[in-house]
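What follows is a set of notes on a single structure, which appears directly below.
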Amino acid sequence: MKLSWSLLFPGLLVCALFLLTNCEEQRIPEGKLLVMTVATKETDGFRRFMGSAKHFNYTVKVLGRGQKWKGGDYMSAPGGGQKVRLLKVALEEFKDEDQIILFIDSYDVVFASGPKELLKKFQQARHKVVFSSESLIWPDRHLEDKHPHVREGNRFLGSGGLMGYLPNIKAMVADWTGEDGDSDQLFFTKIYIDPVKRKSINITLDSKCRLFQNLHGALGEFLQPLSPASEVDEAETHSVRNNRFIRLRSSGSLHIVQNKFLMFGPRGQPARCRFILSFKCHSNCYNHCSGPLWLCF
């Protein structure tokens with residue numbers, strides 16, 4: 001008896017008929033992405049953030065405009081709870097379960113690539129919520145042993161950037177009842193290190209810094225000489241893990257260094273560079289700066 005090849009290999013027929021729908025993961029449309037950030041004042045850092053967002057065509061919703069900041073200064077003690085409160089309230093107006101939210105800081109952040117690349121790498125993470133990562137634990141070092149180990153990269157959560165599906169982020173912030181001066185990072189960290197919550201919300205860290213690059217605890221990775229600006233090619237503009245930057249961020253005392261990275265660009269743009277960060281510095285990044293170092297995206 002002759003057997004039809006479609007009976008022997010039914011999966012081949014399905015893939016042949018529905019190749020573009022069933023056998024390939026569909027990309028998330030760029031229109032599904034919304035950037036949210038908290039900015040009570042319009043600082044130089046905020047204008048720099050919005051300039052990079054406009055450059056790469058991101059849609060940004062700003063929370064807390066004109067409100068008094070009560071979330072602390074991150075220097076004397078942890079803070080940031082006001083951001084979680086504002087996010088929780090803002091999410092109530094959205095109902096589309098396919099909506100992707102990127103919630104990030106803005107005073108010390110720039111975009112360095114567009115929504116298409118960001119969404120692609122988010123999908124590759126294969127989780128519903130992705131947090132930025134850090135090499136240093138903060139604010140409670142006693143929780144270090146509770147963090148899951150990672151095969152490569154950073155092990156600890158950074159609250160300055162998270163990306164995920166609307167229902168999952170809603171579920172994550174639903175239990176927020178803290179004060180504005182409480183720590184947002186500690187709140188999210190306790191969710192992440194809880195195995196039950198981590199699994200139910202489907203959370204992971206961007207341990208290899210494919211979506212977010214945090215300068216806190218990693219500044220040395222960026223103080224390496226590059227080729228002369230006139231010879232810089234896109235192949236040389238990768239981070240330490242060979243991934244194009246999506247975002248740069250610093251925390252606490254490194255905020256000053258971050259400003260030095262960003263304050264000069266994009267003037268004097270060399271050929272083939274879409275976005276420039278100029279860092280003029282020698283060994284002491286806070287006081288003695290001279291000589292150009294260009295990072296090109």
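Identifiers for the structure tokens are assigned positionally: chains receive A, B, ... in sequence, residues are indexed from 1 per chain, and ligands are indexed from 1 in the order shown.
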
Contacts of stretch 60-70 of chain A at 7 Å (only C-alpha atoms; same-chain gap of 4+ positions) as a PyMOL selection string: chain A and resi 34-41+82+86+180-181

Alpha helix (DSSP H) call set, DSSP backbone run, stretch 78-212 of chain A, as a VMD selection string: chain A and resid 81 to 91 115 to 125 166 to 173 184 to 192 195 to 201

Selection: 9 Å around A:Glu30, only C-alpha atoms, excl. self and same-chain fewer than 2 positions, as JSON, numbers by chain: {"A": [27, 28, 32, 33, 34, 115, 116, 119]}

Hey, what does DSSP flag as strand (DSSP E or B) within stretch 91-146 of chain A? Can you give it to me as a list in words? Ile100, Ile101, Leu102, Phe103, Ile104, Val109, Val110, Phe111, Val129, Val130, Phe131, Ser132, Ser133 and Glu134 of chain A

Hey, can you spit out that residue selection with N, CA, C and O atoms as a short mmCIF file (atom, residue, chain, number, x, y, z; two decimals), in the first residue's frame?
```cif
data_model
loop_
_atom_site.label_atom_id
_atom_site.label_comp_id
_atom_site.auth_asym_id
_atom_site.auth_seq_id
_atom_site.Cartn_x
_atom_site.Cartn_y
_atom_site.Cartn_z
N ILE A 100 2.74 46.83 24.38
CA ILE A 100 4.06 46.69 24.98
C ILE A 100 4.44 48.01 25.63
O ILE A 100 4.38 49.07 24.99
N ILE A 101 4.80 47.97 26.91
CA ILE A 101 5.19 49.16 27.64
C ILE A 101 6.69 49.12 27.92
O ILE A 101 7.22 48.12 28.41
N LEU A 102 7.37 50.19 27.58
CA LEU A 102 8.77 50.38 27.97
C LEU A 102 8.78 51.49 29.00
O LEU A 102 8.51 52.64 28.69
N PHE A 103 9.07 51.13 30.26
CA PHE A 103 9.07 52.10 31.35
C PHE A 103 10.51 52.35 31.78
O PHE A 103 11.19 51.44 32.27
N ILE A 104 10.99 53.57 31.55
CA ILE A 104 12.39 53.86 31.81
C ILE A 104 12.56 55.24 32.43
O ILE A 104 11.67 56.09 32.35
N VAL A 109 19.21 58.97 30.58
CA VAL A 109 18.98 57.91 29.59
C VAL A 109 18.97 58.50 28.19
O VAL A 109 18.47 59.60 27.97
N VAL A 110 19.53 57.78 27.24
CA VAL A 110 19.35 58.09 25.82
C VAL A 110 19.03 56.80 25.07
O VAL A 110 19.46 55.73 25.47
N PHE A 111 18.28 56.94 23.99
CA PHE A 111 18.08 55.83 23.06
C PHE A 111 19.24 55.83 22.07
O PHE A 111 19.75 56.88 21.71
N VAL A 129 8.03 40.01 30.71
CA VAL A 129 8.60 41.23 31.29
C VAL A 129 10.12 41.07 31.37
O VAL A 129 10.61 40.04 31.84
N VAL A 130 10.84 42.08 30.89
CA VAL A 130 12.31 42.07 30.93
C VAL A 130 12.79 43.32 31.66
O VAL A 130 12.44 44.43 31.30
N PHE A 131 13.61 43.11 32.70
CA PHE A 131 14.21 44.21 33.45
C PHE A 131 15.65 44.43 33.01
O PHE A 131 16.35 43.48 32.62
N SER A 132 16.12 45.67 33.12
CA SER A 132 17.54 45.92 32.95
C SER A 132 18.29 45.25 34.09
O SER A 132 17.71 44.90 35.13
N SER A 133 19.58 45.03 33.89
CA SER A 133 20.37 44.32 34.89
C SER A 133 21.57 45.15 35.33
O SER A 133 22.00 46.07 34.63
N GLU A 134 22.09 44.79 36.49
CA GLU A 134 23.25 45.47 37.04
C GLU A 134 24.23 44.44 37.58
O GLU A 134 23.84 43.34 37.97
#
```

Could you check the closest approach to A:Pro167 for each of A:Asp206, A:Asp44, A:Asp145, A:Glu97 and tell me which residue wins, using only C-alpha atoms? A:Glu97

Separation of atom CA of A:Gly80 and atom CA of A:Phe46, in Å?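 So the two atoms, atom CA of A:Gly80 and atom CA of A:Phe46, lie 16.6 Å apart.
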
List as a PyMOL selection string the protein and nucleic acid residues near A:Asp194, meaning an atom at most 10 Å away when only C-alpha atoms are counted, but skip any in the same chain fewer than 6 places from it. chain A and resi 146-148

Between atom CA of A:Lys128 and atom CA of A:Arg155, measure the distance and give it in Å to one decimal. 18.4 Å

Grab the atom CA of A:Met163 to atom CA of A:Leu136 distance for me, in Å with one decimal place. 20.6 Å

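Proximity to A:Trp176 was assessed for A:Gly81, A:Gly158, A:Gly164, A:Gly71 counting only C-alpha atoms; the smallest distance is recorded for A:Gly81.
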